[in-house]
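K.L.:
Input: one structure, supplied below.
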Amino acid sequence: MKAVLMQSGRLWQQDLPIPEPQQGEVLVRTCACGICGTDLHAVKHTDALIKTSREVGGGFKLTTDQPVVLGHEFCAEIIDYGPGTTKRYAAGQLVCSMPVLLRAETVGLGYSDQAPGGFSEYMVLSEALLEPVPAGVTAEQAALTEPLAVGRHAVAKARLTGREEVLVVGCGPVGLAVIASLKAQGHGPVYATDFSPARRMMAEHLGADVVLDPKAGDPLTTRAWPKAGQTVIFDCVGVAGMIDQLFTAAPQDARLIIVGVCLEMDHARPLIAVNKELNVQYVLGYSQAEFADTLKALADGAFNVDDWITGIVSLDGVADAFERLSSPEAQGKILVDPRL
């Protein structure tokens, strides 16, 4: 099978053996797989991600120096079943899954050399984690389940009561997922800020009540935000210095939800947060229930995601897509379709 591999920041296409499903696993053909910001980080900061993963573990571990097949935001069709499976879905059924294999030692799909991720023609998935794609949902739309689940989890961790004003900083894929989940659950007003006009437009299409250009001024200092914990800020940027910048600009008692992943050494001055009594919540990933609920909400039309997909490429186009996303002025979510 054809696959795109990554090692030490280099991407290339290569033929690999079709993986054989182990106990409780299913062979699937990849139909669509999104390129995630974490994939971009894995290529640009490979050594830093490996070092951090080895030190602390946790989700999205990249602990190997060996070539890996990236891709964890996928939709696939069932081809065949391995041993110990119930065969509950027919061949050809579109499915999504959390990017995990339930083996004796859990395998994180997209960051492991033990099994390929979604930038390949075929994958193996754990049958117990399969979520069938409802009728009417395309493979491309279903591939957005994983990033949307990240937004759903971040919103859940914010513990919103419905009385807050919300600012989403950064309208890349993570920020857009947060905006979509906020509006799907009726929260707001939701303010969104990004330097890119195209991304501000995407945020507006996903339901942001007000979109702001940070070139016109820091949105946290150019208007009066509610205090008493009623200002909630989602940091969806993930660059060094952003948390300290938000500490400085945030109003008293604000709540910060850190969704963006910074892989560099960062600094923030605790005294600023202490003086303002800020509440800071770091988040990662989602639960299986949140993943399943997100796919159901997608099928129910809760998310206006069609404008979010700004490109679909074959495996031949993966390296170029990574280049385009490194300067994502007009990019939302680029999907990889290994069938092309």
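Ligands are numbered from 1 in the order shown, residues from 1 within each chain, and chains are lettered A, B, ... in the order they appear in the structure tokens.
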Among range 115-160 of chain A, which ones does DSSP place in strand (DSSP E), written as a PyMOL selection string?

P.N.:
chain A and resi 122-126+130-132

K.L.:
Set the distance at 6 Å and use only C-alpha atoms: which residues neighbour Ser97 in chain A once local chain neighbours fewer than 6 positions away are removed? I'd like the list as an mmCIF file with N, CA and C atoms, in the first residue's frame.

P.N.:
```
data_model
loop_
_atom_site.group_PDB
_atom_site.id
_atom_site.type_symbol
_atom_site.label_atom_id
_atom_site.label_comp_id
_atom_site.auth_asym_id
_atom_site.auth_seq_id
_atom_site.Cartn_x
_atom_site.Cartn_y
_atom_site.Cartn_z
ATOM 1 N N LEU A 129 -13.843 0.370 19.370
ATOM 2 C CA LEU A 129 -13.873 1.834 19.328
ATOM 3 C C LEU A 129 -14.557 2.381 18.078
ATOM 4 N N LEU A 130 -15.040 1.512 17.207
ATOM 5 C CA LEU A 130 -15.644 1.977 15.958
ATOM 6 C C LEU A 130 -16.943 2.734 16.212
ATOM 7 N N GLU A 131 -17.110 3.821 15.483
ATOM 8 C CA GLU A 131 -18.353 4.584 15.481
ATOM 9 C C GLU A 131 -18.850 4.639 14.042
#
```

K.L.:
Please indicate the distance in Å from CA of Ala91 in chain A to CA of Ala299 in chain A, rounded to one decimal place.

P.N.:
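Computing it gives 21.0 Å between the two atoms.
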
K.L.:
Would you kindly return, as a VMD selection string, each protein, DNA or RNA residue with an atom no farther than 8 Å from any atom of Lys276 in chain A, considering only C-alpha atoms and excluding same-chain residues fewer than 6 positions away?

P.N.:
chain A and resid 251 to 254

K.L.:
Excluding range 29-34 of chain A and residues on its chain fewer than 4 positions from it, collect all residues at most 6 Å away from it, counting only C-alpha atoms, and give them as a list in words.

P.N.:
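Close residues of range 29-34 of chain A: Glu73, Phe74, Cys75, Ala76, Glu77, Gly118, Glu121, Tyr122, Glu140, Ala143, Ile334, Leu335, Val336 and Asp337 of chain A.
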
K.L.:
Need the shell around Thr248 in chain A: protein/DNA/RNA residues with any atom at most 10 Å away, counting only C-alpha atoms. Skip same-chain ones fewer than 4 positions apart. Format as a list in words?

P.N.:
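Here the answer would be Leu220, Thr221, Met242, Ile243, Asp244, Ala268, Arg269, Ile272, Ala273 and Lys276 of chain A.
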
K.L.:
Hey, which bits of range 307-333 of chain A sit within 12 Å of range 49-71 of chain A, and for each residue what's the closest pair of atoms and how far apart in Å (one decimal), counting only C-alpha atoms, rows by chain and increasing number, as a tab-separated table?

P.N.:
```
residue	atom	partner	partner_atom	distance
A:Leu315	CA	A:Val69	CA	11.5
A:Val318	CA	A:Leu70	CA	10.6
A:Ala319	CA	A:Leu70	CA	11.9
A:Phe322	CA	A:Leu70	CA	11.9
```

K.L.:
What are the nearest atom pairs, with distances in Å to one decimal, for all residues of range 151-261 of chain A that come at most 10 Å from range 283-287 of chain A, using only C-alpha atoms, set out by chain and rising residue number as a tab-separated table?

P.N.:
```
residue	atom	partner	partner_atom	distance
A:Gly151	CA	A:Gly285	CA	8.6
A:Arg152	CA	A:Tyr286	CA	7.7
A:His153	CA	A:Tyr286	CA	5.2
A:Ala154	CA	A:Val283	CA	6.1
A:Val155	CA	A:Val283	CA	9.6
A:Ala156	CA	A:Tyr286	CA	9.6
A:Lys157	CA	A:Val283	CA	7.2
A:Ala158	CA	A:Val283	CA	9.4
A:Ile257	CA	A:Val283	CA	7.2
A:Ile258	CA	A:Val283	CA	6.2
A:Val259	CA	A:Val283	CA	5.7
A:Gly260	CA	A:Val283	CA	8.8
A:Val261	CA	A:Leu284	CA	8.8
```

K.L.:
List the neighbours of Val43 in chain A out to 6 Å using only C-alpha atoms; skip same-chain residues closer than 3 positions along the sequence, and give me the result as a list of chain:residue names.

P.N.:
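My reading of the contact set: A:Gly9, A:Leu40, A:Thr46.
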
K.L.:
Please save N, CA and C atoms of the selected residues as an mmCIF file, in the first residue's frame.

P.N.:
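Output (result11.cif):
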```
data_model
loop_
_atom_site.group_PDB
_atom_site.id
_atom_site.type_symbol
_atom_site.label_atom_id
_atom_site.label_comp_id
_atom_site.auth_asym_id
_atom_site.auth_seq_id
_atom_site.Cartn_x
_atom_site.Cartn_y
_atom_site.Cartn_z
ATOM 1 N N GLY A 9 11.459 15.279 10.793
ATOM 2 C CA GLY A 9 11.009 16.452 10.061
ATOM 3 C C GLY A 9 10.920 16.274 8.561
ATOM 4 N N LEU A 40 1.683 19.198 12.101
ATOM 5 C CA LEU A 40 2.639 20.227 11.682
ATOM 6 C C LEU A 40 3.744 20.382 12.719
ATOM 7 N N THR A 46 10.147 17.839 15.676
ATOM 8 C CA THR A 46 10.162 16.399 15.948
ATOM 9 C C THR A 46 10.921 16.075 17.223
#
```

K.L.:
I need the residue nearest Met265 in chain A from this list: A:Ala240, A:Met123, A:Leu167, A:Met201. Use only C-alpha atoms for the distance.

P.N.:
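Answer, going by the shortest atom-to-atom distance: A:Ala240.
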
K.L.:
What's the separation between CA of Val237 in chain A and CA of Gly172 in chain A, in Å to one decimal place?

P.N.:
7.7 Å

K.L.:
If we count only C-alpha atoms, what is near range 212-215 of chain A at a cut-off of 8 Å, once residues fewer than 6 positions away on the same chain are taken out, given as a list in words?

P.N.:
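Here the answer would be Tyr191, Ala192, Thr193, Asp194, Phe195, Ser196, Pro197 and Arg200 of chain A.
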
K.L.:
Please return, as a list in words, all residues of range 9-123 of chain A that DSSP assigns to alpha helix (DSSP H) on the basis of the backbone.

P.N.:
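Restricting range 9-123 of chain A to alpha helix (DSSP H) produces Gly37, Thr38, Asp39, Leu40, His41, Ala42, Val43, Lys44, Thr46, Asp47, Ala48, Leu49, Ile50, Lys51, Thr52, Ser53, Arg54, Glu55 and Val56 of chain A.
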
K.L.:
With N, CA and C atoms kept, could you save the residues just selected as a short mmCIF file (atom, residue, chain, number, x, y, z; two decimals), in the first residue's frame?

P.N.:
```cif
data_model
loop_
_atom_site.label_atom_id
_atom_site.label_comp_id
_atom_site.auth_asym_id
_atom_site.auth_seq_id
_atom_site.Cartn_x
_atom_site.Cartn_y
_atom_site.Cartn_z
N GLY A 37 -2.86 20.45 13.39
CA GLY A 37 -1.76 21.31 13.82
C GLY A 37 -0.68 20.54 14.55
N THR A 38 -1.08 19.49 15.28
CA THR A 38 -0.09 18.67 15.97
C THR A 38 0.78 17.93 14.97
N ASP A 39 0.23 17.56 13.81
CA ASP A 39 1.04 16.95 12.76
C ASP A 39 2.10 17.95 12.28
N LEU A 40 1.68 19.20 12.10
CA LEU A 40 2.64 20.23 11.68
C LEU A 40 3.74 20.38 12.72
N HIS A 41 3.36 20.38 14.01
CA HIS A 41 4.35 20.48 15.08
C HIS A 41 5.27 19.27 15.06
N ALA A 42 4.71 18.08 14.81
CA ALA A 42 5.53 16.86 14.81
C ALA A 42 6.61 16.93 13.74
N VAL A 43 6.29 17.54 12.60
CA VAL A 43 7.28 17.68 11.53
C VAL A 43 8.28 18.79 11.85
N LYS A 44 7.78 19.91 12.34
CA LYS A 44 8.65 21.07 12.57
C LYS A 44 9.47 20.93 13.84
N THR A 46 10.15 17.84 15.68
CA THR A 46 10.16 16.40 15.95
C THR A 46 10.92 16.08 17.22
N ASP A 47 12.12 16.59 17.35
CA ASP A 47 12.95 16.26 18.51
C ASP A 47 12.30 16.72 19.81
N ALA A 48 11.70 17.92 19.79
CA ALA A 48 11.07 18.44 21.01
C ALA A 48 9.87 17.59 21.41
N LEU A 49 9.08 17.15 20.41
CA LEU A 49 7.91 16.33 20.72
C LEU A 49 8.34 14.97 21.26
N ILE A 50 9.37 14.37 20.67
CA ILE A 50 9.86 13.09 21.18
C ILE A 50 10.37 13.25 22.61
N LYS A 51 11.16 14.28 22.86
CA LYS A 51 11.73 14.50 24.19
C LYS A 51 10.63 14.68 25.24
N THR A 52 9.64 15.52 24.92
CA THR A 52 8.56 15.76 25.87
C THR A 52 7.72 14.52 26.09
N SER A 53 7.43 13.79 25.00
CA SER A 53 6.64 12.56 25.11
C SER A 53 7.32 11.54 26.00
N ARG A 54 8.61 11.40 25.85
CA ARG A 54 9.34 10.43 26.66
C ARG A 54 9.37 10.84 28.13
N GLU A 55 9.36 12.14 28.38
CA GLU A 55 9.43 12.62 29.77
C GLU A 55 8.11 12.48 30.51
N VAL A 56 7.01 12.82 29.83
CA VAL A 56 5.74 12.92 30.56
C VAL A 56 4.66 11.99 30.04
#
```

K.L.:
Counting only C-alpha atoms, which of A:Leu263, A:Ala128, A:Ala203, A:Ile233 gets nearest to Cys96 in chain A?

P.N.:
A:Ala128

K.L.:
For a test of reading the model, state the distance in Å between CA of Phe247 in chain A and CA of Val232 in chain A, rounded to one decimal.

P.N.:
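Rounded to one decimal, the two atoms are 12.3 Å apart.
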
K.L.:
A:Val28, A:Gly117, A:Pro19, A:His187: which is nearest Ile79 in chain A, counting only C-alpha atoms?

P.N.:
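Of all the options, A:Val28 lies closest to Ile79 in chain A.
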